[in-house]
Each structure stands twice: as structure tokens, then as C-alpha cells.
file query_23.txt (compact mmCIF, C-alpha atoms and all ligand atoms)
# COMPACT_ATOMS: atom_id res chain seq x y z
CA MET A 1 94.73 132.55 92.93
CA SER A 2 97.82 130.76 91.77
CA THR A 3 100.98 131.01 93.79
CA TYR A 4 104.59 129.96 93.36
CA LYS A 5 104.58 128.25 96.72
CA LYS A 6 104.98 124.48 96.66
CA ILE A 7 104.48 122.86 100.02
CA TYR A 8 104.29 119.09 100.31
CA MET A 9 102.40 117.84 103.36
CA ASP A 10 101.36 114.44 102.03
CA ASN A 11 104.33 112.48 103.33
CA VAL A 12 102.07 109.58 104.25
CA ALA A 13 101.40 108.92 100.56
CA GLY A 14 105.04 109.05 99.51
CA LYS A 15 108.24 110.61 100.79
CA PRO A 16 111.08 112.23 98.86
CA VAL A 17 114.13 109.96 98.71
CA ASP A 18 116.94 111.35 100.87
CA PRO A 19 119.88 112.50 98.67
CA ARG A 20 122.27 110.45 100.82
CA VAL A 21 120.16 107.40 100.01
CA ILE A 22 120.38 108.14 96.28
CA ASP A 23 124.19 108.46 96.55
CA ALA A 24 124.39 105.10 98.31
CA MET A 25 122.24 103.43 95.64
CA MET A 26 123.94 104.82 92.53
CA PRO A 27 126.95 102.43 92.42
CA PHE A 28 124.51 99.51 92.54
CA ILE A 29 122.61 100.85 89.57
CA LYS A 30 125.67 101.79 87.51
CA GLU A 31 128.57 99.49 88.44
CA PHE A 32 127.71 96.60 90.68
CA TYR A 33 125.16 94.65 88.74
CA GLY A 34 126.10 91.15 89.86
CA ASN A 35 123.46 88.80 91.19
CA PRO A 36 123.91 88.32 94.95
CA SER A 37 123.39 84.57 94.51
CA SER A 38 126.32 84.23 92.07
CA VAL A 39 129.58 82.72 93.29
CA HIS A 40 131.95 85.10 91.41
CA SER A 41 133.31 88.45 92.57
CA PHE A 42 130.55 90.43 90.81
CA GLY A 43 127.99 88.52 92.82
CA TYR A 44 130.02 88.89 95.99
CA GLU A 45 129.92 92.72 95.82
CA SER A 46 126.13 92.65 95.63
CA LYS A 47 125.84 90.00 98.33
CA LYS A 48 128.06 92.04 100.65
CA ALA A 49 125.93 95.15 100.12
CA LEU A 50 122.75 93.14 100.68
CA GLU A 51 124.00 91.79 104.00
CA GLU A 52 125.21 95.21 105.15
CA ALA A 53 121.75 96.63 104.48
CA ARG A 54 120.17 93.72 106.35
CA ALA A 55 122.35 94.46 109.38
CA LYS A 56 121.41 98.16 109.31
CA ILE A 57 117.72 97.36 109.26
CA ALA A 58 118.14 94.81 112.05
CA LYS A 59 119.88 97.50 114.10
CA LEU A 60 117.03 99.98 113.58
CA ILE A 61 114.55 97.62 115.25
CA ASN A 62 117.04 95.83 117.54
CA ALA A 63 116.44 92.45 115.88
CA GLU A 64 118.40 89.66 117.60
CA LYS A 65 120.18 88.85 114.32
CA ALA A 66 120.36 90.22 110.79
CA GLU A 67 119.01 86.97 109.27
CA SER A 68 115.66 87.69 110.89
CA ILE A 69 115.11 90.36 108.21
CA ILE A 70 113.54 89.14 104.95
CA PHE A 71 113.44 91.61 102.06
CA THR A 72 110.21 92.08 100.13
CA SER A 73 108.74 94.48 97.57
CA GLY A 74 107.08 96.65 100.23
CA ALA A 75 104.67 96.80 103.10
CA THR A 76 101.76 95.21 101.24
CA GLU A 77 103.82 92.13 100.43
CA SER A 78 105.24 91.93 103.96
CA ASN A 79 101.75 92.10 105.43
CA ASN A 80 100.46 89.40 103.06
CA MET A 81 103.45 87.25 103.87
CA ALA A 82 102.92 87.61 107.60
CA ILE A 83 99.18 86.95 107.58
CA LYS A 84 98.98 84.17 104.98
CA GLY A 85 102.41 82.75 105.83
CA VAL A 86 101.57 82.27 109.51
CA ALA A 87 98.04 81.06 108.70
CA TYR A 88 99.13 78.37 106.24
CA ARG A 89 102.02 77.13 108.37
CA ASN A 90 100.10 76.94 111.65
CA MET A 91 96.69 75.61 110.61
CA ASP A 92 97.39 72.44 112.57
CA LYS A 93 97.26 74.54 115.76
CA GLY A 94 94.21 76.61 114.89
CA LYS A 95 92.47 78.77 112.31
CA HIS A 96 91.59 81.88 114.29
CA ILE A 97 93.16 85.29 113.57
CA ILE A 98 92.59 88.58 115.40
CA THR A 99 93.22 92.01 113.96
CA SER A 100 91.84 95.51 114.48
CA SER A 101 89.19 97.39 112.56
CA ILE A 102 91.61 100.22 111.67
CA GLU A 103 94.32 98.23 109.91
CA HIS A 104 95.53 99.06 106.42
CA MET A 105 93.77 97.22 103.58
CA SER A 106 96.90 95.11 103.09
CA ILE A 107 96.01 93.48 106.44
CA ILE A 108 92.23 93.59 106.22
CA ASN A 109 91.99 92.09 102.73
CA PRO A 110 94.35 89.12 103.30
CA CYS A 111 92.30 88.40 106.45
CA LYS A 112 89.06 88.57 104.48
CA TYR A 113 90.62 86.31 101.85
CA LEU A 114 91.54 83.77 104.54
CA LYS A 115 87.93 83.80 105.71
CA THR A 116 86.97 82.41 102.30
CA LYS A 117 89.49 79.60 102.92
CA GLY A 118 87.94 78.50 106.21
CA PHE A 119 89.76 80.73 108.70
CA ASP A 120 87.90 82.66 111.37
CA VAL A 121 88.82 86.34 111.74
CA THR A 122 87.90 88.73 114.58
CA PHE A 123 88.13 92.48 113.96
CA LEU A 124 88.64 94.25 117.29
CA PRO A 125 86.90 97.57 117.97
CA VAL A 126 88.84 100.73 118.86
CA ASP A 127 87.90 103.70 121.05
CA LYS A 128 87.28 107.26 119.83
CA TYR A 129 91.04 107.88 119.68
CA GLY A 130 91.71 104.72 117.71
CA LEU A 131 93.21 102.73 120.59
CA VAL A 132 92.58 99.00 120.42
CA ASP A 133 90.28 97.76 123.17
CA LEU A 134 92.57 95.54 125.28
CA ASP A 135 89.66 93.93 127.15
CA SER A 136 88.17 92.81 123.85
CA LEU A 137 91.56 91.44 122.82
CA GLU A 138 91.78 89.45 126.03
CA ARG A 139 88.21 88.18 125.60
CA GLU A 140 88.57 87.22 121.95
CA LEU A 141 91.82 85.26 122.28
CA ARG A 142 91.11 81.52 122.09
CA GLU A 143 92.99 78.23 122.18
CA ASP A 144 92.86 78.13 118.38
CA THR A 145 94.07 81.74 117.88
CA ILE A 146 97.31 81.52 115.92
CA LEU A 147 97.96 85.17 115.07
CA VAL A 148 97.14 88.67 116.25
CA SER A 149 98.01 91.51 113.85
CA ILE A 150 97.93 95.07 115.20
CA GLN A 151 99.56 98.11 113.62
CA TYR A 152 102.22 100.08 115.53
CA ALA A 153 100.57 103.34 114.56
CA ASN A 154 97.82 104.44 112.24
CA SER A 155 98.80 106.45 109.16
CA GLU A 156 95.44 108.25 108.90
CA ILE A 157 94.88 109.36 112.49
CA GLY A 158 98.40 108.97 113.90
CA THR A 159 97.40 106.99 116.99
CA ILE A 160 100.17 104.81 118.46
CA GLN A 161 99.09 101.49 119.99
CA PRO A 162 100.37 100.12 123.35
CA ILE A 163 102.25 97.31 121.61
CA ARG A 164 104.06 96.01 124.71
CA GLU A 165 100.81 95.52 126.61
CA ILE A 166 99.25 93.92 123.55
CA SER A 167 102.22 91.58 123.22
CA GLN A 168 101.91 90.40 126.83
CA ILE A 169 98.23 89.61 126.37
CA VAL A 170 98.82 87.79 123.07
CA HIS A 171 101.71 85.72 124.37
CA ARG A 172 99.77 84.56 127.42
CA LYS A 173 97.70 82.60 124.89
CA ASN A 174 100.72 81.49 122.84
CA ALA A 175 99.63 83.21 119.64
CA TYR A 176 102.06 85.12 117.41
CA LEU A 177 102.00 88.92 117.31
CA HIS A 178 102.48 90.60 113.93
CA VAL A 179 102.88 94.38 113.90
CA ASP A 180 102.55 96.57 110.81
CA ALA A 181 105.07 99.33 111.49
CA THR A 182 104.80 100.97 108.05
CA ALA A 183 103.56 104.30 109.40
CA ALA A 184 105.74 104.23 112.51
CA ASN A 185 109.13 103.07 111.25
CA GLY A 186 111.76 105.78 111.25
CA GLN A 187 109.56 108.04 113.39
CA ILE A 188 109.39 106.34 116.76
CA PRO A 189 111.83 103.88 118.33
CA ILE A 190 110.88 100.25 117.76
CA ASP A 191 112.57 97.44 119.66
CA VAL A 192 111.21 94.08 118.58
CA GLN A 193 112.82 92.29 121.53
CA LYS A 194 111.63 94.64 124.25
CA ASP A 195 108.25 95.14 122.57
CA GLY A 196 107.79 91.36 122.24
CA ILE A 197 107.06 91.33 118.52
CA ASP A 198 107.18 88.09 116.52
CA LEU A 199 106.78 89.54 113.04
CA LEU A 200 107.16 93.19 111.96
CA THR A 201 106.42 94.89 108.66
CA LEU A 202 108.78 97.66 107.52
CA SER A 203 108.67 99.91 104.48
CA SER A 204 111.54 101.76 102.81
CA ASN A 205 109.80 104.79 101.32
CA ASP A 206 108.19 105.64 104.64
CA MET A 207 111.76 106.23 105.89
CA TYR A 208 112.88 108.31 102.85
CA GLY A 209 114.21 105.25 101.04
CA PRO A 210 113.14 104.21 97.52
CA LYS A 211 109.67 102.84 96.78
CA GLY A 212 109.12 99.16 96.02
CA VAL A 213 111.22 97.80 98.90
CA GLY A 214 110.21 96.58 102.31
CA ALA A 215 111.01 93.90 104.83
CA LEU A 216 109.44 91.43 107.19
CA TYR A 217 111.19 90.76 110.49
CA ILE A 218 110.55 87.19 111.58
CA ARG A 219 111.75 86.26 115.06
CA SER A 220 113.80 83.05 115.09
CA GLY A 221 111.58 80.10 115.82
CA VAL A 222 108.42 81.61 114.30
CA ARG A 223 106.86 79.17 111.85
CA ILE A 224 105.89 80.69 108.52
CA GLU A 225 105.12 79.35 105.04
CA PRO A 226 106.49 81.21 101.99
CA ILE A 227 103.89 82.77 99.70
CA ILE A 228 106.31 83.26 96.79
CA HIS A 229 108.09 80.13 95.62
CA GLY A 230 111.07 80.01 93.27
CA GLY A 231 114.85 79.96 93.49
CA GLY A 232 114.98 79.93 97.29
CA GLN A 233 116.40 83.40 97.98
CA GLU A 234 115.90 85.02 101.40
CA ARG A 235 116.20 81.68 103.22
CA GLY A 236 113.57 80.19 100.96
CA LEU A 237 110.95 82.48 102.45
CA ARG A 238 110.83 84.99 99.58
CA SER A 239 112.17 83.76 96.28
CA GLY A 240 113.25 86.08 93.47
CA THR A 241 116.47 87.99 92.79
CA GLU A 242 116.78 90.70 95.41
CA ASN A 243 116.34 94.35 94.41
CA VAL A 244 119.92 95.21 95.37
CA PRO A 245 119.94 98.99 94.63
CA GLY A 246 116.60 99.39 96.41
CA ILE A 247 117.73 97.35 99.40
CA VAL A 248 121.00 99.31 99.66
CA GLY A 249 118.92 102.50 99.69
CA PHE A 250 116.60 101.02 102.31
CA GLY A 251 119.65 100.16 104.45
CA LYS A 252 121.02 103.68 104.14
CA ALA A 253 117.60 105.10 105.07
CA ALA A 254 117.58 102.90 108.18
CA GLU A 255 121.10 104.02 109.11
CA ILE A 256 120.07 107.68 108.80
CA ALA A 257 116.96 106.99 110.90
CA VAL A 258 119.07 105.41 113.65
CA ASN A 259 121.24 108.54 113.82
CA GLU A 260 118.67 111.26 113.26
CA MET A 261 115.24 109.96 114.30
CA ARG A 262 115.25 111.38 117.79
CA ALA A 263 116.06 114.99 116.86
CA GLU A 264 113.91 114.94 113.73
CA SER A 265 110.91 113.47 115.52
CA GLU A 266 111.17 116.17 118.16
CA ARG A 267 111.30 118.83 115.46
CA LEU A 268 108.32 117.34 113.63
CA SER A 269 106.30 116.96 116.83
CA ARG A 270 106.76 120.68 117.52
CA LEU A 271 105.64 121.58 113.99
CA ARG A 272 102.72 119.14 114.24
CA ASP A 273 101.53 120.64 117.52
CA LYS A 274 101.85 124.16 116.15
CA LEU A 275 99.83 123.21 113.07
CA ILE A 276 97.10 121.45 115.03
CA LYS A 277 96.83 124.27 117.58
CA GLY A 278 96.85 126.92 114.85
CA LEU A 279 94.02 125.25 112.94
CA LEU A 280 91.84 124.39 115.94
CA GLU A 281 92.20 127.87 117.45
CA SER A 282 91.55 129.89 114.32
CA ILE A 283 88.74 127.82 112.79
CA PRO A 284 85.42 127.18 114.54
CA TYR A 285 84.06 123.62 114.41
CA ALA A 286 87.48 122.13 113.69
CA PHE A 287 88.43 118.93 115.56
CA LEU A 288 91.43 116.66 115.87
CA ASN A 289 91.20 113.09 114.56
CA GLY A 290 93.12 110.51 116.59
CA HIS A 291 94.87 110.60 119.94
CA PRO A 292 95.79 114.04 121.34
CA THR A 293 99.22 113.00 122.65
CA ASN A 294 99.92 109.38 121.71
CA ARG A 295 100.36 110.18 118.05
CA LEU A 296 102.96 110.03 115.30
CA PRO A 297 105.23 113.09 115.08
CA ASP A 298 104.28 113.76 111.44
CA ASN A 299 100.51 113.49 111.72
CA ALA A 300 98.06 116.40 111.90
CA ALA A 301 94.62 114.98 111.04
CA VAL A 302 91.88 117.57 111.40
CA ARG A 303 88.21 117.56 110.45
CA PHE A 304 86.09 120.57 109.62
CA SER A 305 82.32 120.42 110.06
CA PHE A 306 79.83 121.25 107.27
CA ILE A 307 82.26 120.88 104.32
CA GLU A 308 84.01 118.22 102.25
CA GLY A 309 87.68 117.38 102.79
CA GLU A 310 88.02 116.95 99.03
CA SER A 311 87.06 120.58 98.34
CA ILE A 312 89.54 121.75 100.97
CA LEU A 313 92.25 119.74 99.23
CA LEU A 314 91.48 121.35 95.88
CA SER A 315 91.60 124.83 97.41
CA LEU A 316 94.85 123.99 99.18
CA ASP A 317 96.31 122.69 95.93
CA MET A 318 95.50 126.00 94.23
CA MET A 319 97.44 127.71 97.01
CA GLY A 320 100.41 125.38 96.45
CA VAL A 321 99.82 122.99 99.36
CA ALA A 322 99.57 119.22 98.90
CA ALA A 323 97.70 117.36 101.65
CA SER A 324 95.41 114.35 101.55
CA SER A 325 91.92 113.45 102.47
CA GLY A 326 91.53 111.67 105.78
CA SER A 327 88.33 110.29 104.36
CA ALA A 328 90.28 108.47 101.61
CA CYS A 329 87.22 108.11 99.40
CA THR A 330 87.59 105.75 96.56
CA ALA A 331 86.31 107.15 93.27
CA LYS A 332 84.09 104.13 92.85
CA THR A 333 82.29 104.01 96.16
CA LEU A 334 82.73 107.46 97.72
CA GLU A 335 82.67 105.57 101.00
CA PRO A 336 84.41 107.31 103.88
CA SER A 337 87.50 105.72 105.36
CA HIS A 338 86.92 102.59 107.48
CA VAL A 339 89.35 104.05 110.03
CA LEU A 340 87.33 107.21 110.59
CA LEU A 341 84.09 105.23 110.84
CA ALA A 342 85.71 102.80 113.30
CA ILE A 343 86.61 105.66 115.68
CA GLY A 344 82.93 106.54 115.69
CA LEU A 345 82.72 109.46 113.27
CA LYS A 346 79.52 109.94 111.32
CA HIS A 347 79.79 109.80 107.52
CA GLU A 348 79.63 113.58 107.17
CA GLU A 349 82.28 114.08 109.88
CA ALA A 350 84.60 111.61 108.17
CA HIS A 351 84.10 113.39 104.86
CA GLY A 352 85.22 116.70 106.33
CA SER A 353 88.68 115.39 107.26
CA VAL A 354 92.02 116.61 105.97
CA LEU A 355 95.31 114.89 106.68
CA PHE A 356 98.52 116.91 106.80
CA THR A 357 101.61 114.71 107.10
CA LEU A 358 104.89 116.48 107.69
CA GLY A 359 108.37 115.43 106.60
CA ARG A 360 112.06 116.29 106.64
CA GLN A 361 111.53 118.90 103.93
CA ASN A 362 108.92 120.89 105.88
CA THR A 363 109.84 124.05 107.76
CA GLU A 364 108.10 126.25 110.30
CA ASP A 365 107.35 128.70 107.46
CA ASP A 366 105.35 125.95 105.72
CA VAL A 367 103.28 125.41 108.85
CA ASP A 368 102.73 129.16 109.31
CA TYR A 369 101.56 129.45 105.71
CA VAL A 370 99.00 126.66 106.11
CA ILE A 371 97.73 128.18 109.36
CA GLN A 372 97.43 131.51 107.57
CA ILE A 373 95.47 130.30 104.52
CA MET A 374 93.18 127.67 106.03
CA PRO A 375 90.66 129.93 107.83
CA ASP A 376 89.73 131.68 104.57
CA ILE A 377 89.50 128.43 102.63
CA VAL A 378 87.17 126.90 105.23
CA LYS A 379 85.10 130.08 105.54
CA ARG A 380 84.60 130.34 101.77
CA LEU A 381 83.61 126.68 101.39
CA ARG A 382 81.21 126.94 104.32
CA MET A 383 79.50 129.88 102.63
CA PHE A 384 78.51 127.57 99.79
CA SER A 385 77.61 124.57 101.91
CA PRO A 386 73.92 123.92 102.66
CA LEU A 387 74.98 122.26 105.92
CA THR A 388 76.53 125.38 107.46
CA PRO A 389 74.36 126.88 110.24
CA LYS A 390 73.25 130.49 109.48
CA GLU A 391 74.77 131.92 112.67
CA LEU A 392 78.21 130.76 111.59
CA LEU A 393 77.91 132.74 108.36
CA GLY A 394 76.67 135.93 109.95
N1 LIG A 401 100.45 99.59 106.10
C1 LIG A 401 100.23 100.86 106.42
C2 LIG A 401 99.97 101.22 107.86
C3 LIG A 401 100.25 101.86 105.43
O1 LIG A 401 100.03 103.15 105.76
C4 LIG A 401 100.50 101.47 104.08
C5 LIG A 401 100.49 102.52 102.99
N2 LIG A 401 101.62 103.34 103.05
C6 LIG A 401 100.73 100.12 103.79
C7 LIG A 401 100.69 99.20 104.83
C8 LIG A 401 100.99 99.64 102.38
O2 LIG A 401 102.17 100.17 101.87
P1 LIG A 401 102.61 99.92 100.36
O3 LIG A 401 101.50 100.45 99.50
O4 LIG A 401 103.88 100.68 100.24
O5 LIG A 401 102.81 98.46 100.16

call {"tool": "encode", "arguments": {"input": "query_23.txt", "output": "C-alpha cells"}}
result
Amino acid sequence: MSTYKKIYMDNVAGKPVDPRVIDAMMPFIKEFYGNPSSVHSFGYESKKALEEARAKIAKLINAEKAESIIFTSGATESNNMAIKGVAYRNMDKGKHIITSSIEHMSIINPCKYLKTKGFDVTFLPVDKYGLVDLDSLERELREDTILVSIQYANSEIGTIQPIREISQIVHRKNAYLHVDATAANGQIPIDVQKDGIDLLTLSSNDMYGPKGVGALYIRSGVRIEPIIHGGGQERGLRSGTENVPGIVGFGKAAEIAVNEMRAESERLSRLRDKLIKGLLESIPYAFLNGHPTNRLPDNAAVRFSFIEGESILLSLDMMGVAASSGSACTAKTLEPSHVLLAIGLKHEEAHGSVLFTLGRQNTEDDVDYVIQIMPDIVKRLRMFSPLTPKELLG
């Protein structure tokens, strides 16, 4: 069964670093090792590169000024910084936070942690496509609500939220809006000023930059407490010597995204639609997870009744294709993903999900190959599944 094909369609879990990004980083690994906080010329070279990267990232999201970008170690840290930082700095105004039930764990868990510290957290429901219920948002906002955190788009089901509408509702009550744009950045245009976003999480690897780097955009005037204390780097909001090579790579990745996002997102959307259509048309009892049109260009999340997503992944791997399980079971609990349950799927439906996420390296041939091999994989697994109805086997 083995094949020489190697097709990577798990871009949500990690993306290859763009060769142009690697080229930009190399001098800062080999030659320019100065600390950006130092006053000598070695430090100056690093500081200059750091500020250039900051400006490139600010441009990607149309931040009003480069200083609004604070570098972090990645999306998880940025999300923690936004949630805990706003909570601790604004407790005098209130202790209520609103988020959605389909956020990443790096939002959900800091919120749950804050509950143990006396904060009140509301998790908003979503509809069957994963769209946040705006009426619930309006209803749940209170005088003591200090923060609303809603993701730009969901990495597991691809659904894009109506952030501008959400922002208007949130700001009517004078709360801050934090948006986790980890899955969306570099794929869809984000304009923090037009969208009305107060804090925004960005991640480098999700834009073909290196891992271990991210940023938090903080609009001027937003009050936030640091969660990492030390030497006072990053305007005192995130101490610790900056990861200069990583940040330079992140900046280059943002610059490439500014220039190429539009054409690449169109290309990926076409491949995505071909893949989804190909799978749904050739396989009975196959369904799309997430919104049919309002979805990320890279995301083809499909569920197959009567079988386990995990077994499909193993079969795909044997055929040279890397995808991931939409059900994101953890080895310990085997619980299906909270996102799939929140959109109303039953446990067995969630378990039958497979997530293909496309990237710059994928071609139409890759998509054709997956469409070609999937019907047989699903058919064979269904033959062995006790859940498969007899008429489907006949
Ligand atoms: N937010 C979202 C929406 C994500 O998909 C992820 C995972 N890529 C994260 C946050 C956390 O990212 P990281 O593990 O790189 O910190």
C-alpha cells in the first residue's frame, strides 16, 4: 500500500517556513547577535531589524502605529496576555468577561483560570455553522463586562465571524474587544481600525514564519497589565530579550502576506472548493463542517458517517497524505472536540471528522489525488464498521 507520494494537508498544525523568510532570518542567526536593548552598534543593528519587523506587522493589520505591536512567544502567550492582562488591569471597572464556546484552549483555559480568581465568564453559543449568536452577545453584555474575546476565524471548521458587527455591539457597552486572529492572519484581510478591534492576537508560523513567535496588537489607550515582568522590554508589557531572528522572520512573513495574500487566498479557495465538492459528491453520507461560504480559504473540514476520523487519517497516511482529525481527541480523554460539539454535532458525528488544511505548497494535483483515494478509504472502513447500514454496503 505504500506510495512515494508525500502530500501535506495539515497546515493548521504547522506550516513550512517560506524560504524567503529563512533568508531574511539567517544574518540574525549568524552575524547580528547584538541585544536590541544595548546602546552600541551591535545592539543598534538588532534594534533596527526589530523595529522594521514591527512596522511590517503593523502594516499587515493597518495598526495606527508600529508601537501598538508587542512581540510574544506565540499565539498562546498573546491570548493569555490579552485575557489576563485586561482582566487584572480593569478589575476596578468590572469582573465580567464574554467569549465564545468555540475558542481555542488558549482563550478558554485562561478564562476558566480567571473564574477561580473571582471573575465571571460567559461562554456564548454558536449556530450550526459556528457563527456567534449576536443576540446572545447583546443580551449578555453588562455594565461590569470589561472584555469580549471572539476569534476572527475558527481553525477547525473555518468559519469567519462578523467581527465588525461584533465590535459595534461590544463598544456600545464600552467593553474591550480582543480578537484571536491566529487562524485568519495572512489568509484574509484584517484591518484593526476599520474592524474596531482593541487587541488582536497574531502568530508567525500560521503565516509561514518561524514557530515560537507571535504578537499582540494593543490599540493605544487600552489598559493592560503585563503578565511577564522583568527588564521592561516591549514597553514594559512583555519583558525578556526579544527573539530577534524569529521576529525578523515574522516581519518578512507579514511583508510577503501583504503582497501575495489576495492571489494566494483566491488560489486556495478554488482548491478548497474543488476538494470539498469532490469529497461530498463522490462519497455518500459525507458532510461539510462549518460555514459553506464564510470560511477560511485553506479549510476543508468534512465528516463521514459511521466511521472514525482517526482511522481515515491512518489510511491517508499510508497513502502519503497528512491531514488531521477535526475531532482532535486527546489521548487521555478521547473526548470529541468542543468546537464540533458546540456546533451541535453528536459525539459519533464529531468523531467521523477529517480536517484538510491547504497551504502554499499544495497543488491541484494534490487535491485530485485526495479526491481519487478517499472514496475507497471510506468504503473499506465502512465495511468493517458495525454502524454502517446494510444497504450502504450492498
Ligand atoms: N488560537 C488559535 C485559533 C489556534 O488555532 C491556535 C493553534 N494554532 C492557537 C491559538 C495557539 O497557537 P500556538 O500553539 O502557536 O500558541

call {"tool": "atom_distance", "arguments": {"input": "query_23.txt", "atom1": "CA of Glu349 in chain A", "atom2": "CA of Ile307 in chain A"}}
result
8.8 Å

call {"tool": "residues_near_ligand", "arguments": {"input": "query_23.txt", "ligand": "ligand LIG 401 (chain A)", "cutoff": "6 Å", "atoms": "all atoms listed in the file", "output": "list in words"}}
result
Gly74, Ala75, Thr76, His104, Ser106, Asn154, Ser155, Asp180, Thr182 and Ala183 of chain A

call {"tool": "axis_aligned_box", "arguments": {"input": "query_23.txt", "around": "range 352-370 of chain A", "padding_each_side": "3 Å", "output": "lines of an AutoDock Vina configuration file"}}
result
center_x = 98.6
center_y = 122.1
center_z = 107.1
size_x = 32.8
size_y = 20.7
size_z = 12.4

call {"tool": "residues_around", "arguments": {"input": "query_23.txt", "residues": "range 255-263 of chain A", "least_positions_apart": "2", "cutoff": "8 Å", "atoms": "only C-alpha atoms", "output": "number ranges by chain"}}
result
A: 56-57, 59-60, 186-188, 207, 251-253, 265-267

call {"tool": "atom_distance", "arguments": {"input": "query_23.txt", "atom1": "CA of Leu124 in chain A", "atom2": "CA of Ile98 in chain A"}}
result
7.2 Å

call {"tool": "atom_distance", "arguments": {"input": "query_23.txt", "atom1": "CA of Arg303 in chain A", "atom2": "CA of Val354 in chain A"}}
result
6.0 Å

call {"tool": "closest_residue", "arguments": {"input": "query_23.txt", "among": "A:Ile373, A:Ala49, A:Ile227, A:Ala63", "to": "Gln193 in chain A", "atoms": "all atoms listed in the file"}}
result
A:Ala63

call {"tool": "residues_around", "arguments": {"input": "query_23.txt", "residues": "Leu393 in chain A", "least_positions_apart": "2", "cutoff": "9 Å", "atoms": "all atoms listed in the file", "output": "ChimeraX atom specification"}}
result
/A:379,382-383,388-391

call {"tool": "residues_around", "arguments": {"input": "query_23.txt", "residues": "Lys128 in chain A", "least_positions_apart": "4", "cutoff": "9 Å", "atoms": "all atoms listed in the file", "output": "JSON, numbers by chain"}}
result
{"A": [289, 290, 291, 342, 343, 344, 345]}

call {"tool": "residues_around", "arguments": {"input": "query_23.txt", "residues": "Thr72 in chain A", "least_positions_apart": "3", "cutoff": "7 Å", "atoms": "all atoms listed in the file", "output": "count of residues only"}}
result
5

call {"tool": "closest_residue", "arguments": {"input": "query_23.txt", "among": "A:Arg219, A:Lys173, A:His96, A:Arg139", "to": "Gly118 in chain A", "atoms": "only C-alpha atoms"}}
result
A:His96

call {"tool": "closest_residue", "arguments": {"input": "query_23.txt", "among": "A:Met105, A:Leu131, A:Leu296, A:Leu268", "to": "Asn362 in chain A", "atoms": "only C-alpha atoms"}}
result
A:Leu268

call {"tool": "closest_residue", "arguments": {"input": "query_23.txt", "among": "A:Gly221, A:Gly85, A:Gly212, A:Pro36", "to": "Ser68 in chain A", "atoms": "only C-alpha atoms"}}
result
A:Gly221

call {"tool": "residues_around", "arguments": {"input": "query_23.txt", "residues": "Ser73 in chain A", "least_positions_apart": "6", "cutoff": "12 Å", "atoms": "all atoms listed in the file", "output": "list in words"}}
result
Asn79, Asn80, Met81, Thr201, Leu202, Ser203, Ser204, Asn205, Pro210, Lys211, Gly212, Val213, Gly214, Ala215, Leu216, Ile228, Arg238, Ser239, Gly240, Thr241, Glu242, Asn243, Val244, Gly246, Ile247 and Phe250 of chain A

call {"tool": "closest_residue", "arguments": {"input": "query_23.txt", "among": "A:Val170, A:Ala58, A:Leu340, A:Leu313", "to": "Glu103 in chain A", "atoms": "only C-alpha atoms"}}
result
A:Leu340

call {"tool": "residues_near_point", "arguments": {"input": "query_23.txt", "point": "(108.6, 100.8, 118.0)", "cutoff": "10 Å", "atoms": "all atoms listed in the file", "output": "mmCIF file with C-alpha atoms, in the coordinates of the input"}}
result
data_model
loop_
_atom_site.group_PDB
_atom_site.id
_atom_site.type_symbol
_atom_site.label_atom_id
_atom_site.label_comp_id
_atom_site.auth_asym_id
_atom_site.auth_seq_id
_atom_site.Cartn_x
_atom_site.Cartn_y
_atom_site.Cartn_z
ATOM 1 C CA LEU A 60 117.030 99.980 113.580
ATOM 2 C CA ILE A 61 114.550 97.620 115.250
ATOM 3 C CA ASN A 62 117.040 95.830 117.540
ATOM 4 C CA TYR A 152 102.220 100.080 115.530
ATOM 5 C CA ALA A 153 100.570 103.340 114.560
ATOM 6 C CA ILE A 160 100.170 104.810 118.460
ATOM 7 C CA GLN A 161 99.090 101.490 119.990
ATOM 8 C CA PRO A 162 100.370 100.120 123.350
ATOM 9 C CA ILE A 163 102.250 97.310 121.610
ATOM 10 C CA ARG A 164 104.060 96.010 124.710
ATOM 11 C CA VAL A 179 102.880 94.380 113.900
ATOM 12 C CA ALA A 181 105.070 99.330 111.490
ATOM 13 C CA ALA A 184 105.740 104.230 112.510
ATOM 14 C CA ASN A 185 109.130 103.070 111.250
ATOM 15 C CA GLY A 186 111.760 105.780 111.250
ATOM 16 C CA GLN A 187 109.560 108.040 113.390
ATOM 17 C CA ILE A 188 109.390 106.340 116.760
ATOM 18 C CA PRO A 189 111.830 103.880 118.330
ATOM 19 C CA ILE A 190 110.880 100.250 117.760
ATOM 20 C CA ASP A 191 112.570 97.440 119.660
ATOM 21 C CA VAL A 192 111.210 94.080 118.580
ATOM 22 C CA LYS A 194 111.630 94.640 124.250
ATOM 23 C CA ASP A 195 108.250 95.140 122.570
ATOM 24 C CA ILE A 197 107.060 91.330 118.520
ATOM 25 C CA LEU A 200 107.160 93.190 111.960
#

call {"tool": "residues_near_point", "arguments": {"input": "query_23.txt", "point": "(107.4, 121.7, 102.0)", "cutoff": "12 Å", "atoms": "all atoms listed in the file", "output": "MDAnalysis selection string"}}
result
chainID A and resid 5:11 15:16 320:323 356:370
